[in-house]
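Content type compact mmCIF, C-alpha atoms, from the file query-v4.txt:
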# COMPACT_ATOMS: atom_id res chain seq x y z
CA MET A 1 136.35 214.85 69.03
CA CYS A 2 134.85 211.88 70.82
CA GLY A 3 131.20 212.03 71.69
CA SER A 4 129.12 208.88 71.84
CA ARG A 5 128.75 208.54 68.04
CA ALA A 6 132.49 208.74 67.50
CA THR A 7 133.03 206.25 70.32
CA ALA A 8 130.49 203.86 68.79
CA TYR A 9 132.23 204.23 65.44
CA GLU A 10 135.58 203.42 67.06
CA GLN A 11 134.07 200.36 68.75
CA ARG A 12 132.91 199.12 65.35
CA LEU A 13 136.43 199.61 64.03
CA VAL A 14 137.81 197.62 66.96
CA ALA A 15 135.34 194.80 66.21
CA ARG A 16 136.41 194.79 62.55
CA PHE A 17 140.08 194.79 63.53
CA ARG A 18 139.46 191.72 65.72
CA GLU A 19 137.84 190.03 62.72
CA GLY A 20 141.07 190.62 60.80
CA ASP A 21 140.18 193.65 58.68
CA PRO A 22 143.41 195.54 57.86
CA HIS A 23 141.43 198.67 56.91
CA ALA A 24 140.20 198.87 60.48
CA LEU A 25 143.79 198.94 61.71
CA ASP A 26 144.49 201.79 59.28
CA ALA A 27 141.42 203.72 60.37
CA LEU A 28 142.18 203.37 64.09
CA PHE A 29 145.77 204.37 63.44
CA GLU A 30 144.89 207.44 61.36
CA ARG A 31 142.28 208.63 63.85
CA ASN A 32 144.77 208.65 66.71
CA VAL A 33 148.34 208.94 65.49
CA ASP A 34 148.62 212.73 65.49
CA ARG A 35 147.22 213.14 68.97
CA VAL A 36 149.30 210.31 70.45
CA TYR A 37 152.47 211.68 68.91
CA ALA A 38 151.75 215.29 69.93
CA TYR A 39 150.88 214.21 73.46
CA ALA A 40 154.08 212.17 73.84
CA ARG A 41 156.17 214.93 72.27
CA CYS A 42 154.66 217.49 74.60
CA ILE A 43 155.47 215.39 77.68
CA LEU A 44 158.87 214.16 76.58
CA GLY A 45 160.07 217.25 74.73
CA ASN A 46 161.77 215.61 71.78
CA ARG A 47 160.91 213.80 68.59
CA GLU A 48 163.05 210.72 69.16
CA ASP A 49 161.42 209.71 72.44
CA ALA A 50 157.95 210.68 71.21
CA GLU A 51 158.27 208.40 68.18
CA GLU A 52 159.44 205.46 70.27
CA VAL A 53 156.68 205.88 72.82
CA ALA A 54 153.96 206.36 70.18
CA ALA A 55 155.11 203.23 68.33
CA GLU A 56 155.11 201.14 71.48
CA ALA A 57 151.73 202.53 72.57
CA PHE A 58 150.05 201.55 69.29
CA SER A 59 151.63 198.12 69.42
CA GLN A 60 150.36 197.51 72.96
CA ALA A 61 146.90 198.95 72.26
CA PHE A 62 146.32 196.75 69.19
CA ARG A 63 147.61 193.73 71.10
CA HIS A 64 145.19 194.59 73.88
CA CYS A 65 142.33 194.68 71.38
CA LEU A 66 143.11 191.15 70.27
CA ASP A 67 143.77 189.69 73.72
CA PHE A 68 140.92 191.22 75.71
CA ARG A 69 137.32 191.13 74.59
CA GLY A 70 134.64 193.47 75.87
CA GLU A 71 133.73 197.08 75.61
CA SER A 72 137.08 198.68 76.23
CA GLU A 73 137.56 201.94 74.36
CA PHE A 74 140.53 202.00 71.98
CA ALA A 75 141.46 205.68 72.37
CA GLY A 76 141.20 205.47 76.15
CA TRP A 77 143.49 202.46 76.26
CA LEU A 78 145.89 203.98 73.79
CA PHE A 79 146.31 207.22 75.71
CA GLY A 80 146.48 205.45 79.07
CA ILE A 81 149.33 203.33 77.69
CA THR A 82 151.02 206.40 76.18
CA ARG A 83 150.83 208.22 79.48
CA ASN A 84 152.38 205.30 81.38
CA LEU A 85 155.13 204.88 78.80
CA CYS A 86 155.94 208.60 78.98
CA ARG A 87 156.16 208.41 82.75
CA SER A 88 158.52 205.48 82.72
CA ARG A 89 160.58 207.15 80.00
CA LEU A 90 160.91 210.25 82.19
CA ARG A 91 162.10 208.13 85.09
CA GLN A 92 165.00 206.81 83.04
CA PRO A 93 168.35 208.52 83.66
CA ARG A 94 168.74 211.29 81.09
CA LEU A 95 172.05 209.88 79.90
CA LEU A 96 170.18 206.94 78.45
CA THR A 97 167.84 209.03 76.36
CA MET A 98 168.70 210.32 72.93
CA PRO A 99 169.84 213.92 72.53
CA LEU A 100 167.51 216.35 70.80
CA ARG A 101 167.67 216.36 67.04
CA PRO A 102 168.60 219.68 65.48
CA GLU A 103 165.09 219.98 64.01
CA ASP A 104 163.66 219.84 67.55
CA ALA A 105 165.15 223.21 68.34
CA VAL A 106 162.65 226.01 67.91
CA THR A 107 164.35 228.18 65.37
CA ASP A 108 161.68 230.76 64.59
CA ASP A 109 161.33 232.03 68.18
CA THR A 110 162.48 235.48 69.13
CA PRO A 111 164.71 235.51 72.27
CA GLU A 112 161.71 236.81 74.27
CA ARG A 113 159.52 234.03 72.98
CA ALA A 114 162.14 231.38 73.72
CA ALA A 115 162.48 232.73 77.26
CA LEU A 116 158.72 232.57 77.76
CA ARG A 117 158.70 229.01 76.49
CA ALA A 118 161.50 228.03 78.88
CA ASP A 119 159.72 229.69 81.81
CA VAL A 120 156.45 227.93 81.13
CA GLN A 121 158.14 224.57 80.72
CA ALA A 122 160.09 225.03 83.96
CA ALA A 123 156.99 226.12 85.88
CA LEU A 124 155.04 223.14 84.58
CA ALA A 125 157.83 220.75 85.55
CA ASP A 126 157.59 222.08 89.14
CA LEU A 127 153.98 220.94 89.45
CA PRO A 128 152.82 217.55 90.75
CA GLN A 129 152.52 214.92 88.02
CA GLU A 130 148.72 214.87 88.16
CA HIS A 131 148.61 218.63 87.56
CA GLN A 132 150.96 218.28 84.58
CA ASP A 133 148.84 215.47 83.14
CA VAL A 134 145.55 217.32 83.29
CA LEU A 135 147.03 220.58 81.96
CA VAL A 136 148.64 218.86 79.00
CA LEU A 137 145.50 216.91 78.14
CA CYS A 138 143.00 219.74 78.54
CA ASP A 139 144.89 222.97 77.90
CA VAL A 140 147.50 221.87 75.38
CA GLU A 141 145.90 218.92 73.59
CA ASP A 142 142.34 220.22 73.86
CA TRP A 143 140.69 217.17 75.37
CA ASP A 144 137.48 217.97 77.16
CA ALA A 145 137.13 217.10 80.84
CA ALA A 146 135.09 213.95 80.13
CA GLU A 147 137.72 212.57 77.76
CA ALA A 148 140.55 213.45 80.14
CA ALA A 149 138.66 211.81 83.01
CA GLY A 150 138.67 208.53 81.10
CA ILE A 151 142.44 208.68 80.65
CA LEU A 152 143.18 209.78 84.18
CA GLY A 153 140.84 207.27 85.81
CA ARG A 154 138.88 209.97 87.63
CA SER A 155 135.31 211.19 87.60
CA VAL A 156 134.50 214.17 85.39
CA SER A 157 133.89 216.39 88.43
CA ALA A 158 137.18 215.29 90.04
CA THR A 159 138.96 216.05 86.76
CA ARG A 160 137.38 219.51 86.57
CA SER A 161 138.42 220.19 90.13
CA LEU A 162 141.97 218.97 89.44
CA LEU A 163 142.14 221.18 86.35
CA TYR A 164 140.98 224.19 88.38
CA ARG A 165 143.73 223.64 90.94
CA ALA A 166 146.37 222.87 88.31
CA ARG A 167 145.71 226.10 86.36
CA ARG A 168 146.02 228.20 89.48
CA ALA A 169 149.13 226.38 90.63
CA LEU A 170 150.77 226.99 87.25
CA ARG A 171 149.76 230.64 87.34
CA GLN A 172 151.28 230.99 90.82
CA ARG A 173 154.53 229.37 89.73
CA LEU A 174 154.79 231.65 86.71
CA ALA A 175 153.96 234.74 88.73
CA ALA A 176 156.56 233.84 91.37
CA ARG A 177 159.14 233.23 88.66
CA TRP A 178 158.51 236.57 87.01
CA MET A 179 158.28 238.50 90.29
CA GLU A 180 161.85 237.38 91.04
CA GLU A 181 163.14 238.94 87.83
CA MET B 1 126.62 238.12 89.87
CA ARG B 2 128.68 237.62 93.02
CA CYS B 3 132.42 236.95 93.12
CA ALA B 4 131.96 233.32 94.25
CA GLU B 5 129.85 232.55 91.20
CA ALA B 6 132.24 234.43 88.93
CA GLN B 7 135.15 232.38 90.24
CA ARG B 8 133.21 229.21 89.54
CA LEU B 9 132.64 230.23 85.92
CA ILE B 10 136.10 231.54 85.01
CA ASP B 11 137.48 228.17 83.95
CA LEU B 12 134.54 227.42 81.68
CA TYR B 13 134.87 230.92 80.24
CA VAL B 14 138.49 230.41 79.23
CA GLU B 15 137.57 227.04 77.68
CA ASP B 16 134.87 228.80 75.67
CA GLY B 17 132.35 226.53 77.36
CA LEU B 18 129.89 229.06 78.75
CA PRO B 19 126.52 229.83 77.20
CA GLU B 20 126.17 233.36 75.88
CA ASP B 21 124.12 234.73 78.80
CA ALA B 22 126.59 233.46 81.43
CA ARG B 23 129.54 234.74 79.39
CA VAL B 24 128.06 238.21 79.16
CA ALA B 25 127.17 238.21 82.87
CA LEU B 26 130.73 237.24 83.80
CA GLU B 27 132.23 239.91 81.57
CA ARG B 28 129.95 242.54 83.12
CA HIS B 29 130.97 241.41 86.59
CA ALA B 30 134.65 241.58 85.61
CA LEU B 31 134.22 245.18 84.45
CA ALA B 32 133.03 246.12 87.92
CA CYS B 33 135.31 243.87 89.97
CA PRO B 34 139.09 244.31 89.54
CA ALA B 35 139.90 241.15 91.51
CA CYS B 36 137.76 238.89 89.30
CA ALA B 37 138.92 240.75 86.18
CA PHE B 38 142.51 240.02 87.17
CA ASP B 39 141.70 236.32 87.75
CA LEU B 40 139.93 236.07 84.43
CA ARG B 41 142.68 237.67 82.39
CA SER B 42 145.52 235.87 84.15
CA CYS B 43 143.74 232.52 83.72
CA GLU B 44 143.35 233.23 79.99
CA GLN B 45 146.96 234.32 79.68
CA THR B 46 148.34 231.32 81.54
CA ARG B 47 146.40 228.96 79.29
CA ARG B 48 147.53 230.77 76.16
CA GLN B 49 151.17 230.74 77.29
CA LEU B 50 151.01 227.06 78.12
CA ARG B 51 149.68 226.23 74.67
CA ALA B 52 152.22 228.44 72.96
CA ALA B 53 155.04 226.81 74.89
CA LEU B 54 154.05 223.19 74.46
CA GLN B 55 151.71 222.64 71.54
CA CYS B 56 153.28 220.35 68.93
CA GLU B 57 152.62 219.44 65.34
CA GLY B 58 151.16 216.06 64.46
CA ALA B 59 153.23 213.01 63.61
CA PRO B 60 155.89 213.51 60.90
CA PRO B 61 154.92 211.82 57.57
CA ASP B 62 157.96 209.52 57.49
CA PHE B 63 157.19 208.31 61.00
CA ARG B 64 153.53 207.67 60.18
CA GLU B 65 154.45 205.64 57.15
CA LYS B 66 157.04 203.52 58.93
CA LEU B 67 154.87 202.88 61.96
CA SER B 68 151.85 201.94 59.86
CA ALA B 69 153.96 199.42 57.93
CA ARG B 70 155.43 198.09 61.15
CA LEU B 71 151.98 197.56 62.71
CA HIS B 72 150.73 195.75 59.60
CA HIS B 73 153.78 193.53 59.76
CA GLN B 74 153.43 192.93 63.50
CA PHE B 75 149.76 191.94 63.23
CA ALA B 76 150.02 190.23 59.84
CA ALA B 77 149.10 186.89 61.37
CA ASP B 78 145.86 188.36 62.76
CA LEU B 79 144.82 190.24 59.62
CA HIS B 80 143.36 188.99 56.35
CA ALA B 81 145.73 190.89 54.11
CA GLU B 82 144.69 189.16 50.89
CA ARG B 83 140.96 189.07 51.52
CA GLU B 84 138.55 190.59 49.04
CA GLU B 85 137.57 194.04 50.15
CA ASN B 86 134.00 194.25 51.39
CA PRO B 87 132.33 197.15 49.56
CA PHE B 88 130.15 197.92 52.57
CA GLN B 89 133.22 198.35 54.78
CA ARG B 90 134.79 200.71 52.26
CA GLN B 91 131.73 202.92 52.47
CA LEU B 92 131.45 202.83 56.23
CA PRO B 93 133.39 206.05 56.95
CA LEU B 94 131.01 207.88 54.62
CA LEU B 95 128.11 206.79 56.81
CA MET B 96 129.61 208.54 59.77
CA PRO B 97 128.39 212.02 60.72
CA ALA B 98 130.68 214.61 59.18
CA GLU B 99 131.70 216.11 62.53
CA ASP B 100 132.95 212.71 63.76
CA ARG B 101 135.15 212.01 60.76
CA ARG B 102 138.83 212.70 61.13
Please express what this file holds, its structure, as structure tokens.
Amino acid sequence: MCGSRATAYEQRLVARFREGDPHALDALFERNVDRVYAYARCILGNREDAEEVAAEAFSQAFRHCLDFRGESEFAGWLFGITRNLCRSRLRQPRLLTMPLRPEDAVTDDTPERAALRADVQAALADLPQEHQDVLVLCDVEDWDAAEAAGILGRSVSATRSLLYRARRALRQRLAARWMEE
Amino acid sequence: MRCAEAQRLIDLYVEDGLPEDARVALERHALACPACAFDLRSCEQTRRQLRAALQCEGAPPDFREKLSARLHHQFAADLHAEREENPFQRQLPLLMPAEDRR
């Protein structure tokens, strides 16, 4: 989605938000809320945690806009914060997190489909964190390498190279899992 | 096309990021090279399976509504809630190129 025109548009919204325009808050929120929520849900696996993380991420990102001047990019900050919040949430003991809501269960999956889903999730969880991050951003959430590079704090070429390795590592894990069966 | 070049292009191929001529050249190579054909198909499949397993819907409507209200409340002191709406600002999204609007 981004591109330089969209980024420039978002920077104008940030400037208007700093001037106190409530419509700018709405526009920044609407532009990003679905992706932030889907990203957090994908990492955390349940609606409850995803909602809490998304709410906190927006709160911190808007606060950041007001406290720090300069050319920082709203979406980049927002997703960087979301990623860090997801990581710290995952480090919490599971007993402290909320159980899945019934609506989080995938009810329209066939048993074969549910098994595939479980296998992929388990294989992904076996990968290093940086591999999980880049796969979720680029292959699940459809960010391009340049956008993901901004979130991950890497160059575009380093992100491409990481993505290359991550895809093959995931493929190996899945193949090994299915060879055992 | 040699295998080394094919391997370099496979990731862009599965992202649909290759120009037509390179895409066709890679597909031709894959028809003649079982090893690269296997890599290409398994890379596509892995990506598809990952998306199928993890892709989520956007934010639920009730959550959007509550969070939007909460943010307005949280930043009320920084926003001019009662200010007259500037007609130029209302039109601003319409000035944006269509492909950038969300």
Chain B contacts to chain A at 8 Å (all atoms listed in the file) as a ChimeraX atom specification:
/B:11,42-43,46-47,49-59,63-64,67-68,71-72,78-81,96,100-102
Suppose you want the space between CA of Glu73 (chain A) and CA of Ala61 (chain A); what is it in Å?
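So the answer is 10.0 Å.
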Go ahead and compute the interatomic distance for CA of Val24 (chain B) and CA of Ala37 (chain B), in Å to one decimal.
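Distance between the two atoms: 13.2 Å.
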Among the residues A:Trp178, A:Gln60, A:Thr159, A:Arg91, the one that comes closest to Gln74 (chain B) [using only C-alpha atoms]
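So, comparing all the options, the nearest one is A:Gln60.
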What does the distance between CA of Ser161 (chain A) and CA of Leu18 (chain B) come to in Å, to one decimal place?
16.8 Å
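Shortest separation to Leu152 (chain A) among A:Arg177, A:Leu137, A:Glu10, A:Thr110 occurs at residue A:Leu137, atoms counted being all atoms listed in the file.
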Counting only C-alpha atoms, the option among A:Val156, A:Val134, A:Ile151, A:Ala146 closest to Ile81 (chain A):
A:Ile151
